[in-house]
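S.K.: Structure file my_file-v3.json (JSON, C-alpha atoms) right here:
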[["chain", "number", "residue", "atom", "x", "y", "z"],
["F", 881, "MET", "CA", 23.65, 33.54, 99.35],
["F", 882, "ALA", "CA", 22.49, 35.75, 102.17],
["F", 883, "LEU", "CA", 24.72, 38.55, 100.87],
["F", 884, "LEU", "CA", 23.24, 38.27, 97.39],
["F", 885, "TYR", "CA", 19.71, 38.36, 98.88],
["F", 886, "GLN", "CA", 20.63, 41.48, 100.82],
["F", 887, "GLN", "CA", 22.06, 43.14, 97.71],
["F", 888, "LEU", "CA", 18.95, 42.31, 95.69],
["F", 889, "MET", "CA", 16.70, 43.64, 98.40],
["F", 890, "GLY", "CA", 18.70, 46.86, 98.35],
["F", 891, "VAL", "CA", 18.03, 47.48, 94.62],
["F", 892, "THR", "CA", 15.50, 50.24, 94.21],
["F", 893, "LEU", "CA", 12.94, 50.62, 91.45],
["F", 894, "SER", "CA", 15.03, 53.42, 90.00],
["F", 895, "ASP", "CA", 18.03, 51.02, 89.77],
["F", 896, "TRP", "CA", 15.85, 48.51, 87.89],
["F", 897, "GLY", "CA", 14.84, 51.31, 85.57],
["F", 898, "SER", "CA", 18.50, 52.13, 84.90],
["F", 899, "PHE", "CA", 19.28, 48.47, 84.14],
["F", 900, "ALA", "CA", 16.31, 48.29, 81.79],
["F", 901, "SER", "CA", 17.38, 51.41, 79.92],
["F", 902, "ILE", "CA", 20.95, 50.07, 79.48],
["F", 903, "ALA", "CA", 19.54, 46.76, 78.25],
["F", 904, "GLY", "CA", 17.23, 48.68, 75.91],
["F", 905, "PHE", "CA", 20.15, 50.65, 74.53],
["F", 906, "LEU", "CA", 22.16, 47.45, 73.90],
["F", 907, "ALA", "CA", 19.15, 45.85, 72.20],
["F", 908, "THR", "CA", 18.78, 48.94, 69.97],
["F", 909, "VAL", "CA", 22.45, 48.76, 68.98],
["F", 910, "CYS", "CA", 22.01, 45.06, 68.14],
["F", 911, "VAL", "CA", 18.91, 45.79, 66.05],
["F", 912, "VAL", "CA", 20.66, 48.65, 64.18],
["F", 913, "LEU", "CA", 23.68, 46.43, 63.42],
["F", 914, "THR", "CA", 21.43, 43.55, 62.29],
["F", 915, "ILE", "CA", 19.42, 45.88, 60.03],
["F", 916, "LYS", "CA", 22.65, 47.26, 58.57],
["F", 917, "ASN", "CA", 23.85, 43.71, 57.92],
["F", 918, "ILE", "CA", 20.58, 42.71, 56.29],
["F", 919, "ARG", "CA", 20.60, 45.87, 54.18],
["F", 920, "ARG", "CA", 24.19, 45.17, 53.09],
["F", 921, "TYR", "CA", 23.28, 41.57, 52.29],
["F", 922, "TYR", "CA", 20.43, 42.63, 49.99],
["F", 923, "VAL", "CA", 22.48, 45.41, 48.37],
["F", 924, "ILE", "CA", 25.20, 42.84, 47.60],
["F", 925, "ARG", "CA", 22.61, 40.36, 46.34],
["F", 926, "ALA", "CA", 21.10, 43.01, 44.08],
["F", 927, "ARG", "CA", 24.21, 44.79, 42.79],
["F", 928, "VAL", "CA", 27.07, 42.28, 42.76],
["F", 929, "PRO", "CA", 25.80, 39.66, 40.25],
["F", 930, "GLY", "CA", 25.36, 42.26, 37.48],
["F", 931, "LEU", "CA", 28.70, 43.91, 38.19],
["F", 932, "ALA", "CA", 30.44, 40.53, 38.47],
["F", 933, "GLN", "CA", 29.11, 39.47, 35.08],
["F", 934, "ARG", "CA", 30.28, 42.73, 33.47],
["F", 935, "LEU", "CA", 33.71, 42.44, 35.13],
["F", 936, "ARG", "CA", 34.09, 38.90, 33.83],
["F", 937, "LYS", "CA", 33.25, 40.12, 30.34],
["F", 938, "ALA", "CA", 35.77, 42.96, 30.79],
["F", 939, "ALA", "CA", 38.51, 40.49, 31.81],
["F", 940, "SER", "CA", 37.70, 38.40, 28.76],
["F", 941, "ASN", "CA", 37.89, 41.50, 26.53],
["F", 942, "LEU", "CA", 41.23, 42.55, 28.05],
["F", 943, "ALA", "CA", 42.61, 39.04, 27.44],
["F", 944, "GLY", "CA", 41.56, 39.38, 23.81],
["F", 945, "TYR", "CA", 43.14, 42.84, 23.44],
["F", 946, "LEU", "CA", 46.41, 41.52, 24.92],
["F", 947, "ASN", "CA", 46.72, 39.28, 21.84],
["F", 948, "ASN", "CA", 47.58, 42.39, 19.84],
["F", 949, "LEU", "CA", 47.86, 45.37, 22.13],
["F", 950, "GLN", "CA", 49.08, 47.75, 19.44],
["F", 951, "SER", "CA", 46.03, 47.25, 17.25],
["F", 952, "PHE", "CA", 43.60, 47.44, 20.16],
["F", 953, "SER", "CA", 45.11, 50.38, 22.10],
["F", 954, "ASN", "CA", 41.97, 52.51, 21.71],
["F", 955, "ASP", "CA", 39.71, 49.65, 22.82],
["F", 956, "VAL", "CA", 41.97, 49.06, 25.83],
["F", 957, "ALA", "CA", 41.60, 52.69, 26.92],
["F", 958, "VAL", "CA", 37.79, 52.43, 26.70],
["F", 959, "GLU", "CA", 37.76, 49.10, 28.53],
["F", 960, "LEU", "CA", 39.97, 50.42, 31.34],
["F", 961, "ALA", "CA", 37.67, 53.41, 31.84],
["F", 962, "SER", "CA", 34.68, 51.11, 32.00],
["F", 963, "ILE", "CA", 36.47, 48.78, 34.47],
["F", 964, "GLU", "CA", 37.33, 51.76, 36.67],
["F", 965, "ALA", "CA", 33.67, 52.83, 36.83],
["F", 966, "MET", "CA", 32.53, 49.30, 37.68],
["F", 967, "LEU", "CA", 35.17, 48.94, 40.40],
["F", 968, "GLU", "CA", 34.10, 52.26, 41.95],
["F", 969, "SER", "CA", 30.54, 50.94, 42.17],
["F", 970, "LEU", "CA", 31.76, 47.67, 43.63],
["F", 971, "ARG", "CA", 33.92, 49.41, 46.24],
["F", 972, "ARG", "CA", 30.86, 51.20, 47.60],
["F", 973, "VAL", "CA", 29.06, 47.89, 48.09],
["F", 974, "LEU", "CA", 31.80, 45.63, 49.44],
["F", 975, "ARG", "CA", 33.54, 45.74, 52.80],
["F", 976, "GLY", "CA", 36.74, 44.41, 54.41],
["F", 977, "GLU", "CA", 39.07, 42.18, 52.42],
["F", 978, "TYR", "CA", 36.99, 42.54, 49.23],
["F", 979, "SER", "CA", 37.02, 46.30, 49.41],
["F", 980, "ARG", "CA", 40.80, 46.32, 49.87],
["F", 981, "THR", "CA", 41.27, 44.09, 46.79],
["F", 982, "VAL", "CA", 39.07, 46.42, 44.75],
["F", 983, "ALA", "CA", 41.03, 49.46, 45.99],
["F", 984, "ALA", "CA", 44.35, 47.83, 44.98],
["F", 985, "LEU", "CA", 42.94, 46.98, 41.55],
["F", 986, "LEU", "CA", 41.68, 50.56, 41.13],
["F", 987, "LYS", "CA", 45.25, 51.72, 41.71],
["F", 988, "ASP", "CA", 46.49, 49.31, 38.98],
["F", 989, "VAL", "CA", 43.80, 50.59, 36.61],
["F", 990, "GLY", "CA", 44.82, 54.19, 37.37],
["F", 991, "ASN", "CA", 48.44, 53.38, 36.51],
["F", 992, "ALA", "CA", 47.46, 51.56, 33.32],
["F", 993, "ARG", "CA", 45.27, 54.46, 32.23],
["F", 994, "LYS", "CA", 48.12, 56.94, 32.69],
["F", 995, "GLY", "CA", 50.50, 54.96, 30.49],
["F", 996, "PRO", "CA", 49.06, 51.76, 29.01],
["F", 997, "SER", "CA", 51.93, 49.30, 28.51],
["F", 998, "GLU", "CA", 51.70, 45.55, 28.11],
["F", 999, "THR", "CA", 52.94, 45.10, 31.69],
["F", 1000, "SER", "CA", 50.41, 47.46, 33.25],
["F", 1001, "VAL", "CA", 47.45, 46.13, 31.23],
["F", 1002, "ARG", "CA", 48.46, 42.55, 31.99],
["F", 1003, "ALA", "CA", 48.67, 43.39, 35.72],
["F", 1004, "VAL", "CA", 45.09, 44.74, 35.57],
["F", 1005, "TYR", "CA", 43.95, 41.64, 33.68],
["F", 1006, "THR", "CA", 45.54, 39.18, 36.14],
["F", 1007, "ASP", "CA", 44.22, 40.98, 39.22],
["F", 1008, "LEU", "CA", 40.79, 41.30, 37.62],
["F", 1009, "VAL", "CA", 40.62, 37.54, 37.03],
["F", 1010, "LYS", "CA", 41.56, 37.03, 40.71],
["F", 1011, "LEU", "CA", 38.92, 39.52, 41.86],
["F", 1012, "ASN", "CA", 36.30, 37.78, 39.73],
["F", 1013, "GLU", "CA", 37.16, 34.47, 41.38],
["F", 1014, "GLN", "CA", 36.92, 36.14, 44.79],
["F", 1015, "ILE", "CA", 33.50, 37.59, 43.94],
["F", 1016, "ARG", "CA", 32.31, 34.20, 42.77],
["F", 1017, "ASN", "CA", 33.30, 32.75, 46.16],
["F", 1018, "LEU", "CA", 31.48, 35.62, 47.91],
["F", 1019, "GLN", "CA", 28.33, 34.89, 45.90],
["F", 1020, "ASP", "CA", 28.58, 31.19, 46.84],
["F", 1021, "GLU", "CA", 28.94, 32.14, 50.52],
["F", 1022, "LEU", "CA", 25.90, 34.43, 50.30],
["F", 1023, "THR", "CA", 23.82, 31.61, 48.86],
["F", 1024, "TRP", "CA", 24.44, 29.60, 52.02],
["F", 1025, "GLU", "CA", 24.25, 32.49, 54.48],
["F", 1026, "ARG", "CA", 20.45, 32.85, 54.55],
["B", 402, "MET", "CA", 40.33, 34.03, 48.01],
["B", 403, "SER", "CA", 42.45, 31.01, 48.72],
["B", 404, "GLN", "CA", 46.15, 31.18, 47.98],
["B", 405, "GLU", "CA", 45.74, 27.99, 45.95],
["B", 406, "ALA", "CA", 43.22, 29.53, 43.53],
["B", 407, "ASN", "CA", 45.53, 32.53, 43.10],
["B", 408, "GLN", "CA", 48.36, 30.17, 42.27],
["B", 409, "TRP", "CA", 46.38, 28.51, 39.43],
["B", 410, "ILE", "CA", 45.33, 31.88, 38.08],
["B", 411, "ASP", "CA", 48.96, 33.06, 38.11],
["B", 412, "ALA", "CA", 50.09, 29.87, 36.36],
["B", 413, "VAL", "CA", 47.46, 30.03, 33.62],
["B", 414, "THR", "CA", 47.84, 33.79, 33.03],
["B", 415, "LYS", "CA", 51.60, 33.21, 32.74],
["B", 416, "LEU", "CA", 50.95, 30.60, 30.02],
["B", 417, "THR", "CA", 48.64, 33.10, 28.29],
["B", 418, "ALA", "CA", 51.32, 35.82, 28.46],
["B", 419, "LEU", "CA", 53.98, 33.46, 27.03],
["B", 420, "THR", "CA", 51.58, 32.47, 24.25],
["B", 421, "GLN", "CA", 50.68, 36.06, 23.40],
["B", 422, "ASP", "CA", 54.37, 37.05, 23.42],
["B", 423, "GLY", "CA", 55.11, 34.21, 20.99],
["B", 424, "LYS", "CA", 57.39, 32.44, 23.48],
["B", 425, "LEU", "CA", 55.14, 29.40, 23.60],
["B", 426, "THR", "CA", 54.07, 27.88, 20.30],
["B", 427, "TRP", "CA", 51.11, 25.53, 20.39],
["B", 428, "GLU", "CA", 50.41, 22.87, 17.77],
["B", 429, "THR", "CA", 46.93, 22.02, 16.59],
["B", 430, "ARG", "CA", 45.62, 18.48, 16.33],
["B", 431, "ALA", "CA", 42.31, 16.77, 15.73],
["B", 432, "PRO", "CA", 40.42, 16.09, 19.00],
["B", 433, "TYR", "CA", 41.71, 13.23, 21.13],
["B", 434, "MET", "CA", 39.55, 10.25, 20.13],
["B", 435, "SER", "CA", 38.79, 8.83, 23.58],
["B", 436, "VAL", "CA", 37.18, 12.05, 24.74],
["B", 437, "ALA", "CA", 33.93, 12.12, 22.79],
["B", 438, "SER", "CA", 32.80, 15.41, 24.30],
["B", 439, "THR", "CA", 35.67, 17.41, 22.79],
["B", 440, "VAL", "CA", 34.56, 20.33, 20.67],
["B", 441, "GLY", "CA", 36.94, 21.77, 18.07],
["B", 442, "PRO", "CA", 40.67, 21.21, 17.85],
["B", 443, "SER", "CA", 43.02, 20.13, 20.62],
["B", 444, "TYR", "CA", 46.14, 22.21, 21.23],
["B", 445, "PHE", "CA", 49.43, 20.79, 22.50],
["B", 446, "VAL", "CA", 52.61, 22.36, 23.79],
["B", 447, "GLU", "CA", 55.72, 21.28, 25.65],
["B", 448, "TYR", "CA", 56.86, 23.55, 28.42],
["B", 449, "LYS", "CA", 59.62, 22.87, 30.95],
["B", 450, "GLY", "CA", 59.65, 19.17, 30.07],
["B", 451, "ARG", "CA", 55.86, 18.80, 30.53],
["B", 452, "ARG", "CA", 53.31, 18.18, 27.82],
["B", 453, "LEU", "CA", 50.14, 20.23, 28.03],
["B", 454, "ARG", "CA", 46.87, 19.76, 26.18],
["B", 455, "LEU", "CA", 44.18, 22.41, 25.90],
["B", 456, "GLU", "CA", 40.78, 21.75, 24.41],
["B", 457, "LYS", "CA", 37.12, 22.65, 24.70],
["B", 458, "ARG", "CA", 34.66, 20.03, 25.96],
["B", 459, "SER", "CA", 30.94, 19.96, 26.46],
["B", 460, "PHE", "CA", 29.50, 19.05, 29.86],
["B", 461, "ARG", "CA", 26.09, 18.72, 31.46],
["B", 462, "ASP", "CA", 25.72, 21.73, 33.75],
["B", 463, "PRO", "CA", 25.80, 20.41, 37.35],
["B", 464, "ASP", "CA", 24.13, 23.59, 38.65],
["B", 465, "TYR", "CA", 20.81, 22.60, 37.08],
["B", 466, "PRO", "CA", 20.13, 18.99, 38.11],
["B", 467, "GLU", "CA", 16.66, 18.79, 36.53],
["B", 468, "TYR", "CA", 17.16, 20.57, 33.25],
["B", 469, "ARG", "CA", 20.84, 20.01, 32.60],
["B", 470, "PRO", "CA", 21.84, 22.22, 29.71],
["B", 471, "ILE", "CA", 25.08, 21.48, 27.92],
["B", 472, "ILE", "CA", 27.86, 23.95, 28.64],
["B", 473, "GLN", "CA", 31.25, 24.20, 26.99],
["B", 474, "ARG", "CA", 34.42, 24.58, 29.02],
["B", 475, "SER", "CA", 38.08, 24.75, 28.16],
["B", 476, "VAL", "CA", 40.17, 22.08, 29.83],
["B", 477, "LEU", "CA", 43.92, 22.32, 30.41],
["B", 478, "GLU", "CA", 45.71, 19.09, 31.27],
["B", 479, "PHE", "CA", 49.10, 17.52, 31.66],
["B", 480, "VAL", "CA", 49.29, 14.54, 29.27],
["B", 481, "ASP", "CA", 51.76, 11.70, 28.78],
["B", 482, "VAL", "CA", 53.53, 10.77, 25.52],
["B", 483, "GLU", "CA", 50.41, 8.88, 24.41],
["B", 484, "ASP", "CA", 48.28, 11.98, 25.09],
["B", 485, "LYS", "CA", 46.51, 10.36, 28.02],
["B", 486, "ALA", "CA", 45.45, 12.84, 30.69],
["B", 487, "LEU", "CA", 47.62, 12.80, 33.81],
["B", 488, "TRP", "CA", 46.19, 15.78, 35.66],
["B", 489, "THR", "CA", 43.66, 18.51, 34.97],
["B", 490, "PHE", "CA", 44.06, 22.15, 35.98],
["B", 491, "PRO", "CA", 41.21, 23.52, 38.12],
["B", 492, "HIS", "CA", 38.72, 25.43, 36.00],
["B", 493, "VAL", "CA", 39.22, 29.18, 36.29],
["B", 494, "ASP", "CA", 38.16, 31.88, 33.81],
["B", 495, "ALA", "CA", 41.82, 32.29, 32.84],
["B", 496, "VAL", "CA", 41.72, 28.86, 31.12],
["B", 497, "GLU", "CA", 38.99, 30.16, 28.77],
["B", 498, "HIS", "CA", 41.14, 33.22, 28.01],
["B", 499, "LEU", "CA", 44.14, 30.95, 27.34],
["B", 500, "TYR", "CA", 42.03, 28.97, 24.86],
["B", 501, "GLY", "CA", 41.17, 32.22, 23.08],
["B", 502, "ALA", "CA", 44.84, 33.28, 23.00],
["B", 503, "VAL", "CA", 45.94, 29.90, 21.63],
["B", 504, "GLY", "CA", 43.24, 29.98, 18.95],
["B", 505, "TYR", "CA", 44.35, 33.50, 18.04],
["B", 506, "GLN", "CA", 47.97, 32.33, 17.75],
["B", 507, "THR", "CA", 47.39, 29.09, 15.83],
["B", 508, "ALA", "CA", 44.98, 30.70, 13.39],
["B", 509, "GLY", "CA", 47.56, 33.43, 12.69],
["B", 510, "VAL", "CA", 45.09, 36.22, 13.39],
["B", 511, "LYS", "CA", 47.78, 38.69, 14.55],
["B", 512, "GLY", "CA", 49.77, 38.43, 11.32],
["B", 513, "PHE", "CA", 46.62, 38.66, 9.23],
["B", 514, "LEU", "CA", 45.39, 41.73, 11.11],
["B", 515, "ASP", "CA", 48.78, 43.47, 10.95],
["B", 516, "ASP", "CA", 49.07, 42.80, 7.19],
["B", 517, "LEU", "CA", 45.52, 43.93, 6.59],
["B", 518, "LEU", "CA", 45.93, 47.18, 8.51],
["B", 519, "LYS", "CA", 49.32, 47.86, 6.90],
["B", 520, "GLU", "CA", 47.75, 47.32, 3.46],
["B", 521, "GLY", "CA", 45.04, 49.84, 4.30],
["B", 522, "LYS", "CA", 47.65, 52.49, 5.18],
["B", 523, "GLU", "CA", 49.74, 52.00, 2.01]]
Please express what this file holds, its structure, as structure tokens.
M.R.:
Amino acid sequence: MALLYQQLMGVTLSDWGSFASIAGFLATVCVVLTIKNIRRYYVIRARVPGLAQRLRKAASNLAGYLNNLQSFSNDVAVELASIEAMLESLRRVLRGEYSRTVAALLKDVGNARKGPSETSVRAVYTDLVKLNEQIRNLQDELTWER
Amino acid sequence: MSQEANQWIDAVTKLTALTQDGKLTWETRAPYMSVASTVGPSYFVEYKGRRLRLEKRSFRDPDYPEYRPIIQRSVLEFVDVEDKALWTFPHVDAVEHLYGAVGYQTAGVKGFLDDLLKEGKE
């Protein structure tokens, strides 16, 4: 106890100033991270519902085209291009696990666009349905977050 | 996303693929009488010794407790020999797509479209 008292008595005003500036720096980092988080939250809240709705419609369209791929080959090409654009937008908004899923799906879409076969289009469709389910869960989580 | 949800999506999309490839042939029946909310026909198929029923039903939307609009959802179930529900698949978008694929198959749209387009070329 006496040692601690001695140590404290030895701390100069300049030392206190140094502690305060370190604490200030840490507080600034916390504030910046919190603001980034809040910004991300509102960007997701604003952008994701619209994109999610369009991606669900796209999955539904792809499922329809898979009924008769030969007849709908032109529509499939247009739909894949549109899905690619939507996924690019989504990748800019999402982070972590979601972003990785989107990146993997973008790769599938790229393959399907190069040579649309039933297998490649079906792979895009299945992964798109999974992504849509994942986004729905994300939206549910966001509803409870704040 | 949970592994379990992925598993249901894989299962239902597999059924859709088999249907679209013509490897699974569904039969159409009038709606099952005990389920008053059924909309449109009921579809049945046997796959790997199990009997499946797919139909569209109307529900009160639980997301809007005050004003509960009626929504329609496709329901996929295992049924027994008397068509009584044994177990219902969780609702995922893929079930709606399966309903569309089954309707497309049972109505013979593919054949009609192919014939029509062939006729136009001749």
S.K.: Using all atoms listed in the file, I'd like a table of the residues in region 440-481 of chain B that come within 9 Å of region 496-503 of chain B; for each, show the closest atom pair and its distance in Å rounded to one decimal, ordered by chain and ascending number, as a Markdown table.
M.R.:
| residue | atom | partner | partner_atom | distance |
| --- | --- | --- | --- | --- |
| B:Tyr444 | CA | B:Val503 | CA | 7.7 |
| B:Leu455 | CA | B:Tyr500 | CA | 7.0 |
| B:Glu456 | CA | B:Tyr500 | CA | 7.3 |
| B:Lys457 | CA | B:Tyr500 | CA | 8.0 |
| B:Arg474 | CA | B:Glu497 | CA | 7.2 |
| B:Ser475 | CA | B:Glu497 | CA | 5.5 |
| B:Val476 | CA | B:Val496 | CA | 7.1 |
| B:Leu477 | CA | B:Val496 | CA | 6.9 |
S.K.: Can you check which parts of chain B lie within 10 Å of chain F? Per residue, the shortest pair of atoms and distance in Å to one decimal, counting only C-alpha atoms, sorted by chain and number, as a Markdown table.
M.R.:
| residue | atom | partner | partner_atom | distance |
| --- | --- | --- | --- | --- |
| B:Met402 | CA | F:Gln1014 | CA | 5.1 |
| B:Ser403 | CA | F:Gln1014 | CA | 8.5 |
| B:Ala406 | CA | F:Glu1013 | CA | 8.1 |
| B:Asn407 | CA | F:Lys1010 | CA | 6.5 |
| B:Gln408 | CA | F:Lys1010 | CA | 9.8 |
| B:Trp409 | CA | F:Lys1010 | CA | 9.9 |
| B:Ile410 | CA | F:Lys1010 | CA | 6.9 |
| B:Asp411 | CA | F:Thr1006 | CA | 7.3 |
| B:Val413 | CA | F:Thr1006 | CA | 9.7 |
| B:Thr414 | CA | F:Thr1006 | CA | 6.6 |
| B:Lys415 | CA | F:Thr1006 | CA | 9.2 |
| B:Thr417 | CA | F:Ala943 | CA | 8.5 |
| B:Ala418 | CA | F:Arg1002 | CA | 8.1 |
| B:Thr420 | CA | F:Asn947 | CA | 8.7 |
| B:Gln421 | CA | F:Asn947 | CA | 5.3 |
| B:Asp422 | CA | F:Asn947 | CA | 8.1 |
| B:Gly423 | CA | F:Asn947 | CA | 9.8 |
| B:Val493 | CA | F:Glu1013 | CA | 7.6 |
| B:Asp494 | CA | F:Val1009 | CA | 7.0 |
| B:Ala495 | CA | F:Val1009 | CA | 6.8 |
| B:Glu497 | CA | F:Ser940 | CA | 8.3 |
| B:His498 | CA | F:Ala943 | CA | 6.0 |
| B:Leu499 | CA | F:Ala943 | CA | 8.2 |
| B:Gly501 | CA | F:Gly944 | CA | 7.2 |
| B:Ala502 | CA | F:Asn947 | CA | 6.4 |
| B:Val503 | CA | F:Asn947 | CA | 9.4 |
| B:Tyr505 | CA | F:Asn947 | CA | 7.3 |
| B:Gln506 | CA | F:Asn947 | CA | 8.2 |
| B:Val510 | CA | F:Asn947 | CA | 9.1 |
| B:Lys511 | CA | F:Asn948 | CA | 6.5 |
| B:Gly512 | CA | F:Asn948 | CA | 9.6 |
| B:Leu514 | CA | F:Ser951 | CA | 8.3 |
| B:Asp515 | CA | F:Ser951 | CA | 7.8 |
| B:Leu518 | CA | F:Ser951 | CA | 8.7 |
S.K.: Just C-alpha atoms for this one: save the residues we selected as an mmCIF file, in the frame of the given file.
M.R.:
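The resulting file, part.cif, is shown below:
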data_model
loop_
_atom_site.group_PDB
_atom_site.id
_atom_site.type_symbol
_atom_site.label_atom_id
_atom_site.label_comp_id
_atom_site.auth_asym_id
_atom_site.auth_seq_id
_atom_site.Cartn_x
_atom_site.Cartn_y
_atom_site.Cartn_z
ATOM 1 C CA MET B 402 40.330 34.030 48.010
ATOM 2 C CA SER B 403 42.450 31.010 48.720
ATOM 3 C CA ALA B 406 43.220 29.530 43.530
ATOM 4 C CA ASN B 407 45.530 32.530 43.100
ATOM 5 C CA GLN B 408 48.360 30.170 42.270
ATOM 6 C CA TRP B 409 46.380 28.510 39.430
ATOM 7 C CA ILE B 410 45.330 31.880 38.080
ATOM 8 C CA ASP B 411 48.960 33.060 38.110
ATOM 9 C CA VAL B 413 47.460 30.030 33.620
ATOM 10 C CA THR B 414 47.840 33.790 33.030
ATOM 11 C CA LYS B 415 51.600 33.210 32.740
ATOM 12 C CA THR B 417 48.640 33.100 28.290
ATOM 13 C CA ALA B 418 51.320 35.820 28.460
ATOM 14 C CA THR B 420 51.580 32.470 24.250
ATOM 15 C CA GLN B 421 50.680 36.060 23.400
ATOM 16 C CA ASP B 422 54.370 37.050 23.420
ATOM 17 C CA GLY B 423 55.110 34.210 20.990
ATOM 18 C CA VAL B 493 39.220 29.180 36.290
ATOM 19 C CA ASP B 494 38.160 31.880 33.810
ATOM 20 C CA ALA B 495 41.820 32.290 32.840
ATOM 21 C CA GLU B 497 38.990 30.160 28.770
ATOM 22 C CA HIS B 498 41.140 33.220 28.010
ATOM 23 C CA LEU B 499 44.140 30.950 27.340
ATOM 24 C CA GLY B 501 41.170 32.220 23.080
ATOM 25 C CA ALA B 502 44.840 33.280 23.000
ATOM 26 C CA VAL B 503 45.940 29.900 21.630
ATOM 27 C CA TYR B 505 44.350 33.500 18.040
ATOM 28 C CA GLN B 506 47.970 32.330 17.750
ATOM 29 C CA VAL B 510 45.090 36.220 13.390
ATOM 30 C CA LYS B 511 47.780 38.690 14.550
ATOM 31 C CA GLY B 512 49.770 38.430 11.320
ATOM 32 C CA LEU B 514 45.390 41.730 11.110
ATOM 33 C CA ASP B 515 48.780 43.470 10.950
ATOM 34 C CA LEU B 518 45.930 47.180 8.510
#
S.K.: Please identify all polymer residues within 8 Å of Asp988 (chain F), counting only C-alpha atoms, omitting same-chain residues fewer than 2 positions from it, and present them as a list in words.
M.R.: Ala984, Leu985, Leu986, Gly990, Asn991, Ala992, Ser1000, Ala1003 and Val1004 of chain F
S.K.: With only C-alpha atoms as the basis for distance, which of F:Ser962, F:Asn954, F:Val973, F:Trp896 is at the shortest distance from Arg920 (chain F)?
M.R.: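 The shortest atom-to-atom distance to Arg920 (chain F) comes from F:Val973.
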S.K.: Enter the distance from CA of Arg430 (chain B) to CA of Phe445 (chain B), in Å, rounded to one decimal.
M.R.: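 Result for CA of Arg430 (chain B) versus CA of Phe445 (chain B): 7.6 Å, one decimal.
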S.K.: Which residue is closest to Ser443 (chain B)? Choose from B:Asp462, B:Glu405, B:Glu478, B:Asp516 and count all atoms listed in the file.
M.R.: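 Using all atoms listed in the file, the shortest distance to Ser443 (chain B) belongs to B:Glu478.
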S.K.: Give me, please, the distance in Å between CA of Ile963 (chain F) and CA of Val989 (chain F), quoted to one decimal.
M.R.: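 These atoms are spaced 7.8 Å apart.
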S.K.: With all atoms listed in the file as the atoms that count, which of B:Ser438, B:Pro463, B:Lys424, B:Leu453 lies nearest to Phe490 (chain B)?
M.R.: B:Leu453
S.K.: Pick from B:Arg454, B:Ala431, B:Phe513, B:Arg461: nearest to Thr489 (chain B), with only C-alpha atoms counted?
M.R.: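 Looking at the shortest contact to Thr489 (chain B), the residue is B:Arg454.
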S.K.: Using CA of Lys485 (chain B) and CA of Ile472 (chain B) as the two end points, give the distance in Å to one decimal.
M.R.: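 It comes out at 23.1 Å.
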